[in-house]
Amino acid sequence: MKPIKPPTIRPGQRVPYRRGTQREIDERRGHLARMLARGVRKMDIHAVGRVMFHREWRTLDRDISFIVGQASQWRERARSGYGRMSLYDAFKKIGLIKDDAPK
């Protein structure tokens with residue numbers, strides 16, 4: 001396991017910053033997505049995120065916009081029929097319905 005790099009403080013920066021790993025980012029976004037699905041207000045999400053994840057509201061807003069963007073892409077794929085087939089076509093494909101039309 002790599003040693004954790006100490007936080008960087010740049011000129012004019014009030015809070016030390018350490019970039020999270022992709023795993024930490026995914027966990028944070030998962031928590032935010034569940035809170036959004038439950039209808040938690042953005043103000044409350046900011047308060048919880050500050051305590052749980054030690055992140056500023058700007059970072060949490062960026063994560064929320066990412067989540068909402070992913071949801072809209074999923075909705076577009078679902079509405080366009082991406083990866084969907086009718087029940088009749090599925091049964092026909094697995095052989096439960098035989099196509100016995102005379103030729």
# chains A, B, ... in the order shown; residues from 1 in each chain; ligands from 1

call {"tool": "select_by_dssp", "arguments": {"residues": "region 22-87 of chain A", "states": "alpha helix (DSSP H)", "output": "PyMOL selection string"}}
result
chain A and resi 22-37+42-52+57-79+87

call {"tool": "residues_around", "arguments": {"residues": "Glu56 (chain A)", "least_positions_apart": "4", "cutoff": "10 Å", "atoms": "only C-alpha atoms", "output": "list in words"}}
result
Val15, His46, Ala47, Gly49, Arg50, Val51, Leu60 and Asp61 of chain A

call {"tool": "closest_residue", "arguments": {"among": "A:Arg14, A:Ser72, A:Ile45, A:Gly20", "to": "Leu32 (chain A)", "atoms": "only C-alpha atoms"}}
result
A:Ile45

call {"tool": "residues_around", "arguments": {"residues": "Thr8 (chain A)", "least_positions_apart": "4", "cutoff": "8 Å", "atoms": "only C-alpha atoms", "output": "PyMOL selection string"}}
result
chain A and resi 16-18

call {"tool": "closest_residue", "arguments": {"among": "A:Pro7, A:Gly69, A:Phe53, A:Ala37", "to": "Glu24 (chain A)", "atoms": "only C-alpha atoms"}}
result
A:Phe53

call {"tool": "atom_distance", "arguments": {"atom1": "CA of Pro6 (chain A)", "atom2": "CA of Ile64 (chain A)"}}
result
26.8 Å

call {"tool": "closest_residue", "arguments": {"among": "A:Thr59, A:Asp89, A:Gln73, A:Ile67", "to": "Arg34 (chain A)", "atoms": "only C-alpha atoms"}}
result
A:Ile67

call {"tool": "decode", "arguments": {"residues": "region 51-65 of chain A", "atoms": "all heavy atoms", "output": "PDB file, in the first residue's frame"}}
result
ATOM      1  N   VAL A  51     -19.393  16.821   7.549  1.00  0.00           N
ATOM      2  CA  VAL A  51     -19.046  16.029   8.726  1.00  0.00           C
ATOM      3  C   VAL A  51     -18.520  14.643   8.326  1.00  0.00           C
ATOM      4  O   VAL A  51     -17.483  14.194   8.817  1.00  0.00           O
ATOM      5  CB  VAL A  51     -20.281  15.893   9.652  1.00  0.00           C
ATOM      6  CG1 VAL A  51     -20.000  14.934  10.781  1.00  0.00           C
ATOM      7  CG2 VAL A  51     -20.700  17.246  10.177  1.00  0.00           C
ATOM      8  N   MET A  52     -19.238  13.964   7.420  1.00  0.00           N
ATOM      9  CA  MET A  52     -18.870  12.588   7.062  1.00  0.00           C
ATOM     10  C   MET A  52     -17.622  12.498   6.196  1.00  0.00           C
ATOM     11  O   MET A  52     -16.777  11.628   6.395  1.00  0.00           O
ATOM     12  CB  MET A  52     -20.028  11.909   6.317  1.00  0.00           C
ATOM     13  CG  MET A  52     -21.073  11.304   7.209  1.00  0.00           C
ATOM     14  SD  MET A  52     -22.361  10.485   6.259  1.00  0.00           S
ATOM     15  CE  MET A  52     -21.507   9.082   5.607  1.00  0.00           C
ATOM     16  N   PHE A  53     -17.534  13.370   5.195  1.00  0.00           N
ATOM     17  CA  PHE A  53     -16.489  13.229   4.179  1.00  0.00           C
ATOM     18  C   PHE A  53     -15.417  14.304   4.262  1.00  0.00           C
ATOM     19  O   PHE A  53     -14.452  14.266   3.502  1.00  0.00           O
ATOM     20  CB  PHE A  53     -17.107  13.258   2.779  1.00  0.00           C
ATOM     21  CG  PHE A  53     -18.246  12.305   2.614  1.00  0.00           C
ATOM     22  CD1 PHE A  53     -19.526  12.769   2.356  1.00  0.00           C
ATOM     23  CD2 PHE A  53     -18.064  10.942   2.737  1.00  0.00           C
ATOM     24  CE1 PHE A  53     -20.579  11.902   2.208  1.00  0.00           C
ATOM     25  CE2 PHE A  53     -19.110  10.069   2.592  1.00  0.00           C
ATOM     26  CZ  PHE A  53     -20.378  10.548   2.327  1.00  0.00           C
ATOM     27  N   HIS A  54     -15.590  15.308   5.131  1.00  0.00           N
ATOM     28  CA  HIS A  54     -14.636  16.409   5.279  1.00  0.00           C
ATOM     29  C   HIS A  54     -14.413  17.116   3.943  1.00  0.00           C
ATOM     30  O   HIS A  54     -13.288  17.375   3.535  1.00  0.00           O
ATOM     31  CB  HIS A  54     -13.298  15.913   5.846  1.00  0.00           C
ATOM     32  CG  HIS A  54     -13.450  15.120   7.094  1.00  0.00           C
ATOM     33  ND1 HIS A  54     -13.812  15.688   8.295  1.00  0.00           N
ATOM     34  CD2 HIS A  54     -13.349  13.793   7.340  1.00  0.00           C
ATOM     35  CE1 HIS A  54     -13.893  14.762   9.213  1.00  0.00           C
ATOM     36  NE2 HIS A  54     -13.619  13.597   8.664  1.00  0.00           N
ATOM     37  N   ARG A  55     -15.508  17.414   3.257  1.00  0.00           N
ATOM     38  CA  ARG A  55     -15.453  18.097   1.967  1.00  0.00           C
ATOM     39  C   ARG A  55     -16.263  19.381   2.023  1.00  0.00           C
ATOM     40  O   ARG A  55     -17.256  19.476   2.742  1.00  0.00           O
ATOM     41  CB  ARG A  55     -16.015  17.210   0.838  1.00  0.00           C
ATOM     42  CG  ARG A  55     -15.209  15.974   0.589  1.00  0.00           C
ATOM     43  CD  ARG A  55     -13.887  16.340  -0.014  1.00  0.00           C
ATOM     44  NE  ARG A  55     -13.067  15.156  -0.218  1.00  0.00           N
ATOM     45  CZ  ARG A  55     -11.768  15.141  -0.044  1.00  0.00           C
ATOM     46  NH1 ARG A  55     -11.130  16.208   0.328  1.00  0.00           N
ATOM     47  NH2 ARG A  55     -11.082  14.047  -0.237  1.00  0.00           N
ATOM     48  N   GLU A  56     -15.858  20.353   1.211  1.00  0.00           N
ATOM     49  CA  GLU A  56     -16.564  21.621   1.121  1.00  0.00           C
ATOM     50  C   GLU A  56     -17.805  21.459   0.254  1.00  0.00           C
ATOM     51  O   GLU A  56     -17.938  20.498  -0.506  1.00  0.00           O
ATOM     52  CB  GLU A  56     -15.647  22.683   0.506  1.00  0.00           C
ATOM     53  CG  GLU A  56     -14.456  23.036   1.372  1.00  0.00           C
ATOM     54  CD  GLU A  56     -14.861  23.792   2.625  1.00  0.00           C
ATOM     55  OE1 GLU A  56     -15.761  24.646   2.546  1.00  0.00           O
ATOM     56  OE2 GLU A  56     -14.267  23.524   3.681  1.00  0.00           O
ATOM     57  N   TRP A  57     -18.694  22.433   0.358  1.00  0.00           N
ATOM     58  CA  TRP A  57     -19.956  22.354  -0.381  1.00  0.00           C
ATOM     59  C   TRP A  57     -19.726  22.371  -1.884  1.00  0.00           C
ATOM     60  O   TRP A  57     -20.489  21.783  -2.646  1.00  0.00           O
ATOM     61  CB  TRP A  57     -20.900  23.474   0.041  1.00  0.00           C
ATOM     62  CG  TRP A  57     -20.407  24.860  -0.272  1.00  0.00           C
ATOM     63  CD1 TRP A  57     -19.647  25.657   0.531  1.00  0.00           C
ATOM     64  CD2 TRP A  57     -20.643  25.586  -1.469  1.00  0.00           C
ATOM     65  NE1 TRP A  57     -19.384  26.850  -0.099  1.00  0.00           N
ATOM     66  CE2 TRP A  57     -19.991  26.834  -1.334  1.00  0.00           C
ATOM     67  CE3 TRP A  57     -21.323  25.322  -2.640  1.00  0.00           C
ATOM     68  CZ2 TRP A  57     -20.000  27.792  -2.321  1.00  0.00           C
ATOM     69  CZ3 TRP A  57     -21.346  26.291  -3.626  1.00  0.00           C
ATOM     70  CH2 TRP A  57     -20.695  27.512  -3.464  1.00  0.00           C
ATOM     71  N   ARG A  58     -18.662  23.007  -2.359  1.00  0.00           N
ATOM     72  CA  ARG A  58     -18.408  23.067  -3.807  1.00  0.00           C
ATOM     73  C   ARG A  58     -18.113  21.671  -4.369  1.00  0.00           C
ATOM     74  O   ARG A  58     -18.581  21.311  -5.447  1.00  0.00           O
ATOM     75  CB  ARG A  58     -17.221  23.981  -4.083  1.00  0.00           C
ATOM     76  CG  ARG A  58     -17.499  25.427  -3.822  1.00  0.00           C
ATOM     77  CD  ARG A  58     -16.223  26.251  -4.001  1.00  0.00           C
ATOM     78  NE  ARG A  58     -16.377  27.564  -3.452  1.00  0.00           N
ATOM     79  CZ  ARG A  58     -16.112  27.892  -2.191  1.00  0.00           C
ATOM     80  NH1 ARG A  58     -15.677  26.973  -1.354  1.00  0.00           N
ATOM     81  NH2 ARG A  58     -16.273  29.122  -1.767  1.00  0.00           N
ATOM     82  N   THR A  59     -17.340  20.898  -3.619  1.00  0.00           N
ATOM     83  CA  THR A  59     -17.025  19.535  -4.045  1.00  0.00           C
ATOM     84  C   THR A  59     -18.287  18.690  -4.067  1.00  0.00           C
ATOM     85  O   THR A  59     -18.512  17.911  -5.003  1.00  0.00           O
ATOM     86  CB  THR A  59     -15.998  18.904  -3.086  1.00  0.00           C
ATOM     87  OG1 THR A  59     -14.868  19.752  -3.006  1.00  0.00           O
ATOM     88  CG2 THR A  59     -15.576  17.528  -3.561  1.00  0.00           C
ATOM     89  N   LEU A  60     -19.130  18.857  -3.054  1.00  0.00           N
ATOM     90  CA  LEU A  60     -20.365  18.088  -2.998  1.00  0.00           C
ATOM     91  C   LEU A  60     -21.308  18.492  -4.128  1.00  0.00           C
ATOM     92  O   LEU A  60     -21.989  17.647  -4.713  1.00  0.00           O
ATOM     93  CB  LEU A  60     -21.033  18.264  -1.631  1.00  0.00           C
ATOM     94  CG  LEU A  60     -20.189  17.746  -0.460  1.00  0.00           C
ATOM     95  CD1 LEU A  60     -20.811  18.149   0.859  1.00  0.00           C
ATOM     96  CD2 LEU A  60     -19.999  16.260  -0.542  1.00  0.00           C
ATOM     97  N   ASP A  61     -21.342  19.792  -4.468  1.00  0.00           N
ATOM     98  CA  ASP A  61     -22.156  20.232  -5.605  1.00  0.00           C
ATOM     99  C   ASP A  61     -21.663  19.615  -6.907  1.00  0.00           C
ATOM    100  O   ASP A  61     -22.461  19.219  -7.761  1.00  0.00           O
ATOM    101  CB  ASP A  61     -22.133  21.750  -5.729  1.00  0.00           C
ATOM    102  CG  ASP A  61     -23.187  22.427  -4.883  1.00  0.00           C
ATOM    103  OD1 ASP A  61     -24.034  21.705  -4.305  1.00  0.00           O
ATOM    104  OD2 ASP A  61     -23.180  23.665  -4.809  1.00  0.00           O
ATOM    105  N   ARG A  62     -20.342  19.521  -7.062  1.00  0.00           N
ATOM    106  CA  ARG A  62     -19.778  18.896  -8.254  1.00  0.00           C
ATOM    107  C   ARG A  62     -20.184  17.424  -8.336  1.00  0.00           C
ATOM    108  O   ARG A  62     -20.540  16.918  -9.402  1.00  0.00           O
ATOM    109  CB  ARG A  62     -18.252  19.030  -8.220  1.00  0.00           C
ATOM    110  CG  ARG A  62     -17.608  18.902  -9.558  1.00  0.00           C
ATOM    111  CD  ARG A  62     -16.105  19.164  -9.527  1.00  0.00           C
ATOM    112  NE  ARG A  62     -15.756  20.359  -8.782  1.00  0.00           N
ATOM    113  CZ  ARG A  62     -14.920  20.376  -7.732  1.00  0.00           C
ATOM    114  NH1 ARG A  62     -14.353  19.263  -7.318  1.00  0.00           N
ATOM    115  NH2 ARG A  62     -14.635  21.502  -7.121  1.00  0.00           N
ATOM    116  N   ASP A  63     -20.163  16.736  -7.183  1.00  0.00           N
ATOM    117  CA  ASP A  63     -20.585  15.332  -7.152  1.00  0.00           C
ATOM    118  C   ASP A  63     -22.072  15.189  -7.459  1.00  0.00           C
ATOM    119  O   ASP A  63     -22.482  14.270  -8.168  1.00  0.00           O
ATOM    120  CB  ASP A  63     -20.274  14.712  -5.792  1.00  0.00           C
ATOM    121  CG  ASP A  63     -18.788  14.496  -5.570  1.00  0.00           C
ATOM    122  OD1 ASP A  63     -18.040  14.452  -6.569  1.00  0.00           O
ATOM    123  OD2 ASP A  63     -18.379  14.373  -4.402  1.00  0.00           O
ATOM    124  N   ILE A  64     -22.889  16.089  -6.931  1.00  0.00           N
ATOM    125  CA  ILE A  64     -24.332  16.045  -7.186  1.00  0.00           C
ATOM    126  C   ILE A  64     -24.614  16.245  -8.670  1.00  0.00           C
ATOM    127  O   ILE A  64     -25.431  15.533  -9.259  1.00  0.00           O
ATOM    128  CB  ILE A  64     -25.067  17.088  -6.326  1.00  0.00           C
ATOM    129  CG1 ILE A  64     -25.058  16.659  -4.856  1.00  0.00           C
ATOM    130  CG2 ILE A  64     -26.499  17.292  -6.808  1.00  0.00           C
ATOM    131  CD1 ILE A  64     -25.546  17.723  -3.900  1.00  0.00           C
ATOM    132  N   SER A  65     -23.928  17.201  -9.298  1.00  0.00           N
ATOM    133  CA  SER A  65     -24.154  17.426 -10.728  1.00  0.00           C
ATOM    134  C   SER A  65     -23.707  16.215 -11.546  1.00  0.00           C
ATOM    135  O   SER A  65     -24.325  15.869 -12.553  1.00  0.00           O
ATOM    136  CB  SER A  65     -23.445  18.690 -11.203  1.00  0.00           C
ATOM    137  OG  SER A  65     -22.063  18.535 -11.141  1.00  0.00           O
TER     138      SER A  65
END
